[in-house]
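File shown: coords_13.pdb. Contents: PDB, C-alpha atoms.
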MODEL        1
ATOM      1  CA  MET A   1       0.000   0.000   0.000  1.00  0.00           C
ATOM      2  CA  ILE A   2       1.113   3.548  -0.678  1.00  0.00           C
ATOM      3  CA  ASP A   3       0.936   6.036   2.160  1.00  0.00           C
ATOM      4  CA  PHE A   4       1.017   9.657   1.053  1.00  0.00           C
ATOM      5  CA  LYS A   5       1.522  12.328   3.679  1.00  0.00           C
ATOM      6  CA  LEU A   6       2.017  15.971   2.884  1.00  0.00           C
ATOM      7  CA  ASP A   7       3.427  17.614   5.984  1.00  0.00           C
ATOM      8  CA  GLY A   8       3.864  21.268   6.671  1.00  0.00           C
ATOM      9  CA  SER A   9       2.209  24.246   5.160  1.00  0.00           C
ATOM     10  CA  GLY A  10       3.340  27.192   3.179  1.00  0.00           C
ATOM     11  CA  SER A  11       6.560  26.827   1.294  1.00  0.00           C
ATOM     12  CA  ARG A  12       7.823  23.301   2.136  1.00  0.00           C
ATOM     13  CA  GLY A  13       6.168  19.917   2.356  1.00  0.00           C
ATOM     14  CA  THR A  14       7.206  16.280   2.530  1.00  0.00           C
ATOM     15  CA  LEU A  15       5.546  13.518   0.582  1.00  0.00           C
ATOM     16  CA  VAL A  16       6.262  10.115   2.149  1.00  0.00           C
ATOM     17  CA  PHE A  17       5.961   6.984   0.026  1.00  0.00           C
ATOM     18  CA  SER A  18       5.768   3.432   1.320  1.00  0.00           C
ATOM     19  CA  GLY A  19       5.046   0.287  -0.616  1.00  0.00           C
ATOM     20  CA  ASP A  20       5.183  -0.269  -4.350  1.00  0.00           C
ATOM     21  CA  LEU A  21       5.160   2.610  -6.832  1.00  0.00           C
ATOM     22  CA  THR A  22       3.665   0.851  -9.820  1.00  0.00           C
ATOM     23  CA  ILE A  23       0.979   1.400 -12.423  1.00  0.00           C
ATOM     24  CA  GLN A  24      -1.579   0.000  -9.978  1.00  0.00           C
ATOM     25  CA  VAL A  25      -1.221   3.140  -7.831  1.00  0.00           C
ATOM     26  CA  ALA A  26      -0.600   5.596 -10.674  1.00  0.00           C
ATOM     27  CA  ASN A  27      -3.840   7.534 -10.148  1.00  0.00           C
ATOM     28  CA  ALA A  28      -3.210   7.950  -6.426  1.00  0.00           C
ATOM     29  CA  LEU A  29       0.411   8.911  -7.074  1.00  0.00           C
ATOM     30  CA  LYS A  30      -0.585  11.472  -9.702  1.00  0.00           C
ATOM     31  CA  SER A  31      -3.229  12.972  -7.389  1.00  0.00           C
ATOM     32  CA  ALA A  32      -0.766  13.295  -4.513  1.00  0.00           C
ATOM     33  CA  LEU A  33       1.853  14.921  -6.745  1.00  0.00           C
ATOM     34  CA  VAL A  34      -0.636  17.357  -8.317  1.00  0.00           C
ATOM     35  CA  ASP A  35      -1.912  18.300  -4.855  1.00  0.00           C
ATOM     36  CA  ALA A  36       1.625  18.878  -3.606  1.00  0.00           C
ATOM     37  CA  THR A  37       2.499  20.950  -6.679  1.00  0.00           C
ATOM     38  CA  GLY A  38      -0.257  23.403  -5.851  1.00  0.00           C
ATOM     39  CA  ARG A  39       0.554  23.635  -2.148  1.00  0.00           C
ATOM     40  CA  VAL A  40       4.315  24.036  -1.737  1.00  0.00           C
ATOM     41  CA  ASP A  41       7.369  25.718  -3.258  1.00  0.00           C
ATOM     42  CA  HIS A  42       9.778  23.034  -2.057  1.00  0.00           C
ATOM     43  CA  LEU A  43       8.632  19.420  -2.197  1.00  0.00           C
ATOM     44  CA  VAL A  44      10.665  16.787  -0.379  1.00  0.00           C
ATOM     45  CA  LEU A  45      10.141  13.196  -1.524  1.00  0.00           C
ATOM     46  CA  ASP A  46      10.839  10.514   1.073  1.00  0.00           C
ATOM     47  CA  LEU A  47      11.379   7.291  -0.908  1.00  0.00           C
ATOM     48  CA  SER A  48      12.977   5.256   1.886  1.00  0.00           C
ATOM     49  CA  GLY A  49       9.929   2.996   2.256  1.00  0.00           C
ATOM     50  CA  VAL A  50       9.467   2.223  -1.432  1.00  0.00           C
ATOM     51  CA  GLY A  51       9.367  -1.381  -2.617  1.00  0.00           C
ATOM     52  CA  ARG A  52       8.998  -1.990  -6.344  1.00  0.00           C
ATOM     53  CA  VAL A  53       9.107   0.909  -8.805  1.00  0.00           C
ATOM     54  CA  ASP A  54       8.035   0.918 -12.431  1.00  0.00           C
ATOM     55  CA  LEU A  55       8.359   3.254 -15.398  1.00  0.00           C
ATOM     56  CA  THR A  56       4.936   4.820 -14.818  1.00  0.00           C
ATOM     57  CA  ALA A  57       5.890   6.028 -11.343  1.00  0.00           C
ATOM     58  CA  LEU A  58       9.274   7.322 -12.499  1.00  0.00           C
ATOM     59  CA  GLN A  59       7.634   9.246 -15.341  1.00  0.00           C
ATOM     60  CA  LEU A  60       5.155  10.861 -12.943  1.00  0.00           C
ATOM     61  CA  LEU A  61       7.988  11.885 -10.623  1.00  0.00           C
ATOM     62  CA  CYS A  62       9.957  13.309 -13.571  1.00  0.00           C
ATOM     63  CA  VAL A  63       6.978  15.313 -14.841  1.00  0.00           C
ATOM     64  CA  THR A  64       6.461  16.734 -11.362  1.00  0.00           C
ATOM     65  CA  HIS A  65      10.137  17.642 -11.115  1.00  0.00           C
ATOM     66  CA  ARG A  66      10.031  19.423 -14.484  1.00  0.00           C
ATOM     67  CA  LYS A  67       6.887  21.371 -13.519  1.00  0.00           C
ATOM     68  CA  PHE A  68       8.519  22.483 -10.295  1.00  0.00           C
ATOM     69  CA  LEU A  69      11.668  23.621 -12.127  1.00  0.00           C
ATOM     70  CA  LYS A  70       9.667  25.595 -14.699  1.00  0.00           C
ATOM     71  CA  SER A  71       7.791  27.325 -11.867  1.00  0.00           C
ATOM     72  CA  GLY A  72      10.984  28.215 -10.005  1.00  0.00           C
ATOM     73  CA  LYS A  73      10.201  25.629  -7.349  1.00  0.00           C
ATOM     74  CA  GLN A  74      12.309  22.779  -5.983  1.00  0.00           C
ATOM     75  CA  VAL A  75      11.942  19.002  -5.566  1.00  0.00           C
ATOM     76  CA  THR A  76      14.489  17.056  -3.533  1.00  0.00           C
ATOM     77  CA  LEU A  77      14.883  13.546  -2.163  1.00  0.00           C
ATOM     78  CA  SER A  78      15.105  12.843   1.546  1.00  0.00           C
ATOM     79  CA  GLY A  79      16.598  10.000   3.503  1.00  0.00           C
ATOM     80  CA  ALA A  80      17.974   6.748   2.192  1.00  0.00           C
ATOM     81  CA  VAL A  81      16.741   5.819  -1.264  1.00  0.00           C
ATOM     82  CA  ALA A  82      15.750   2.175  -1.611  1.00  0.00           C
ATOM     83  CA  GLU A  83      18.014   0.047  -3.812  1.00  0.00           C
ATOM     84  CA  THR A  84      15.016  -0.992  -5.920  1.00  0.00           C
ATOM     85  CA  PHE A  85      14.446   2.667  -6.754  1.00  0.00           C
ATOM     86  CA  LYS A  86      18.076   3.125  -7.823  1.00  0.00           C
ATOM     87  CA  VAL A  87      17.891   0.039 -10.034  1.00  0.00           C
ATOM     88  CA  ALA A  88      14.670   1.270 -11.673  1.00  0.00           C
ATOM     89  CA  VAL A  89      16.144   4.712 -12.438  1.00  0.00           C
ATOM     90  CA  ASP A  90      19.243   3.127 -13.933  1.00  0.00           C
ATOM     91  CA  ALA A  91      17.303   0.540 -15.953  1.00  0.00           C
ATOM     92  CA  THR A  92      14.945   3.102 -17.487  1.00  0.00           C
ATOM     93  CA  GLY A  93      17.653   5.595 -18.443  1.00  0.00           C
ATOM     94  CA  LEU A  94      15.876   8.441 -16.630  1.00  0.00           C
ATOM     95  CA  ALA A  95      18.969   9.566 -14.735  1.00  0.00           C
ATOM     96  CA  GLY A  96      18.854  12.993 -16.432  1.00  0.00           C
ATOM     97  CA  CYS A  97      15.230  13.615 -15.523  1.00  0.00           C
ATOM     98  CA  ALA A  98      15.036  17.207 -16.759  1.00  0.00           C
ATOM     99  CA  GLY A  99      17.681  16.926 -19.477  1.00  0.00           C
ATOM    100  CA  ASP A 100      21.428  16.825 -19.922  1.00  0.00           C
ATOM    101  CA  ASP A 101      21.982  20.161 -18.153  1.00  0.00           C
ATOM    102  CA  ASP A 102      20.012  19.059 -15.111  1.00  0.00           C
ATOM    103  CA  ASN A 103      22.366  20.077 -12.300  1.00  0.00           C
ATOM    104  CA  SER A 104      19.498  20.005  -9.836  1.00  0.00           C
ATOM    105  CA  GLY A 105      18.455  16.582 -11.092  1.00  0.00           C
ATOM    106  CA  LEU A 106      15.903  14.705  -9.121  1.00  0.00           C
ATOM    107  CA  TRP A 107      18.124  11.642  -9.215  1.00  0.00           C
ATOM    108  CA  THR A 108      21.443  13.503  -8.683  1.00  0.00           C
ATOM    109  CA  GLY A 109      23.531  11.350  -6.387  1.00  0.00           C
ATOM    110  CA  VAL A 110      21.027   8.493  -6.378  1.00  0.00           C
ATOM    111  CA  LEU A 111      23.016   6.346  -8.776  1.00  0.00           C
ATOM    112  CA  SER A 112      26.415   6.925  -7.199  1.00  0.00           C
TER
ENDMDL
END

Show me the file's structure as structure tokens.
Amino acid sequence: MIDFKLDGSGSRGTLVFSGDLTIQVANALKSALVDATGRVDHLVLDLSGVGRVDLTALQLLCVTHRKFLKSGKQVTLSGAVAETFKVAVDATGLAGCAGDDDNSGLWTGVLS
């Protein structure tokens, strides 16, 4: 099961994920990300409790990251990133989420 929690108010919030991030939860994931996009300027993603990850979830996270960048907002990762998440990012080739010049990349440091 996925547990979404948006903590804080105003400029910064944390979205905590636990369980599998797969196509089966894509609608819930999209809703949580859209809600967070409208509520905070800095979104922190806690992926430490994530199990399996698929391309659908990674694409939704990338789209959110790009929207935040275009709006002058920030998305960062918090805590230890699960190995399954690292493997999924590497396998899909999404390491440069927002492009080759993505110095603030969502996955920066995840694959090291």

Pick out the residues sitting within 8 Å of A:Thr37, and hand them over as a PDB file with C-alpha atoms, keeping the file's coordinate frame; count all atoms listed in the file, and ignore anything fewer than 6 positions along from it in its own chain.
ATOM      1  CA  LEU A  43       8.632  19.420  -2.197  1.00  0.00           C
ATOM      2  CA  THR A  64       6.461  16.734 -11.362  1.00  0.00           C
ATOM      3  CA  PHE A  68       8.519  22.483 -10.295  1.00  0.00           C
TER       4      PHE A  68
END

Protein, DNA and RNA residues within 7 Å of (2.9, 18.2, -0.3), only C-alpha atoms, as a compact mmCIF listing (two decimals) with C-alpha atoms, in the coordinates of the input:
# COMPACT_ATOMS: atom_id res chain seq x y z
CA LEU A 6 2.02 15.97 2.88
CA ASP A 7 3.43 17.61 5.98
CA GLY A 13 6.17 19.92 2.36
CA THR A 14 7.21 16.28 2.53
CA LEU A 15 5.55 13.52 0.58
CA ASP A 35 -1.91 18.30 -4.86
CA ALA A 36 1.62 18.88 -3.61
CA THR A 37 2.50 20.95 -6.68
CA ARG A 39 0.55 23.64 -2.15
CA VAL A 40 4.32 24.04 -1.74
CA LEU A 43 8.63 19.42 -2.20

Could you list the residues chosen by the PyMOL selection byres ((chain A and resi 88) around 12) in this structure as a PDB file with C-alpha atoms, in the frame of the given file?
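Result file is out-v5.pdb:
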ATOM      1  CA  LEU A  21       5.160   2.610  -6.832  1.00  0.00           C
ATOM      2  CA  THR A  22       3.665   0.851  -9.820  1.00  0.00           C
ATOM      3  CA  VAL A  50       9.467   2.223  -1.432  1.00  0.00           C
ATOM      4  CA  GLY A  51       9.367  -1.381  -2.617  1.00  0.00           C
ATOM      5  CA  ARG A  52       8.998  -1.990  -6.344  1.00  0.00           C
ATOM      6  CA  VAL A  53       9.107   0.909  -8.805  1.00  0.00           C
ATOM      7  CA  ASP A  54       8.035   0.918 -12.431  1.00  0.00           C
ATOM      8  CA  LEU A  55       8.359   3.254 -15.398  1.00  0.00           C
ATOM      9  CA  THR A  56       4.936   4.820 -14.818  1.00  0.00           C
ATOM     10  CA  ALA A  57       5.890   6.028 -11.343  1.00  0.00           C
ATOM     11  CA  LEU A  58       9.274   7.322 -12.499  1.00  0.00           C
ATOM     12  CA  GLN A  59       7.634   9.246 -15.341  1.00  0.00           C
ATOM     13  CA  VAL A  81      16.741   5.819  -1.264  1.00  0.00           C
ATOM     14  CA  ALA A  82      15.750   2.175  -1.611  1.00  0.00           C
ATOM     15  CA  GLU A  83      18.014   0.047  -3.812  1.00  0.00           C
ATOM     16  CA  THR A  84      15.016  -0.992  -5.920  1.00  0.00           C
ATOM     17  CA  PHE A  85      14.446   2.667  -6.754  1.00  0.00           C
ATOM     18  CA  LYS A  86      18.076   3.125  -7.823  1.00  0.00           C
ATOM     19  CA  VAL A  87      17.891   0.039 -10.034  1.00  0.00           C
ATOM     20  CA  VAL A  89      16.144   4.712 -12.438  1.00  0.00           C
ATOM     21  CA  ASP A  90      19.243   3.127 -13.933  1.00  0.00           C
ATOM     22  CA  ALA A  91      17.303   0.540 -15.953  1.00  0.00           C
ATOM     23  CA  THR A  92      14.945   3.102 -17.487  1.00  0.00           C
ATOM     24  CA  GLY A  93      17.653   5.595 -18.443  1.00  0.00           C
ATOM     25  CA  LEU A  94      15.876   8.441 -16.630  1.00  0.00           C
ATOM     26  CA  ALA A  95      18.969   9.566 -14.735  1.00  0.00           C
ATOM     27  CA  TRP A 107      18.124  11.642  -9.215  1.00  0.00           C
ATOM     28  CA  VAL A 110      21.027   8.493  -6.378  1.00  0.00           C
ATOM     29  CA  LEU A 111      23.016   6.346  -8.776  1.00  0.00           C
TER      30      LEU A 111
END

Interatomic distance, atom CA of A:Ala80 to atom CA of A:Ala32 (Å, one decimal):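 One can read the atom CA of A:Ala80 to atom CA of A:Ala32 distance as 21.0 Å.
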
Two-atom distance - atom CA of A:Ile23, atom CA of A:Leu60 (Å):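 So the answer is 10.4 Å.
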
Distance in Å - atom CA of A:Leu61 versus atom CA of A:Arg12: 17.1 Å

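Shortest separation to A:Gly19 among A:Leu69, A:Leu47, A:Val75, A:Leu33 occurs at residue A:Leu47, atoms counted being all atoms listed in the file.
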
Evaluate the PyMOL selection byres ((chain A and resi 76) around 7) and report residues as a list in words: Leu43, Val44, Leu45, Gln74, Val75, Leu77, Ser78 and Leu106 of chain A

Axis-aligned box for all listed atoms of stretch 78-87 of chain A, 5 Å per side, centre and edges in Å to one decimal, as AutoDock Vina command-line options:
--center_x 16.3 --center_y 5.9 --center_z -3.3 --size_x 13.6 --size_y 23.8 --size_z 23.5
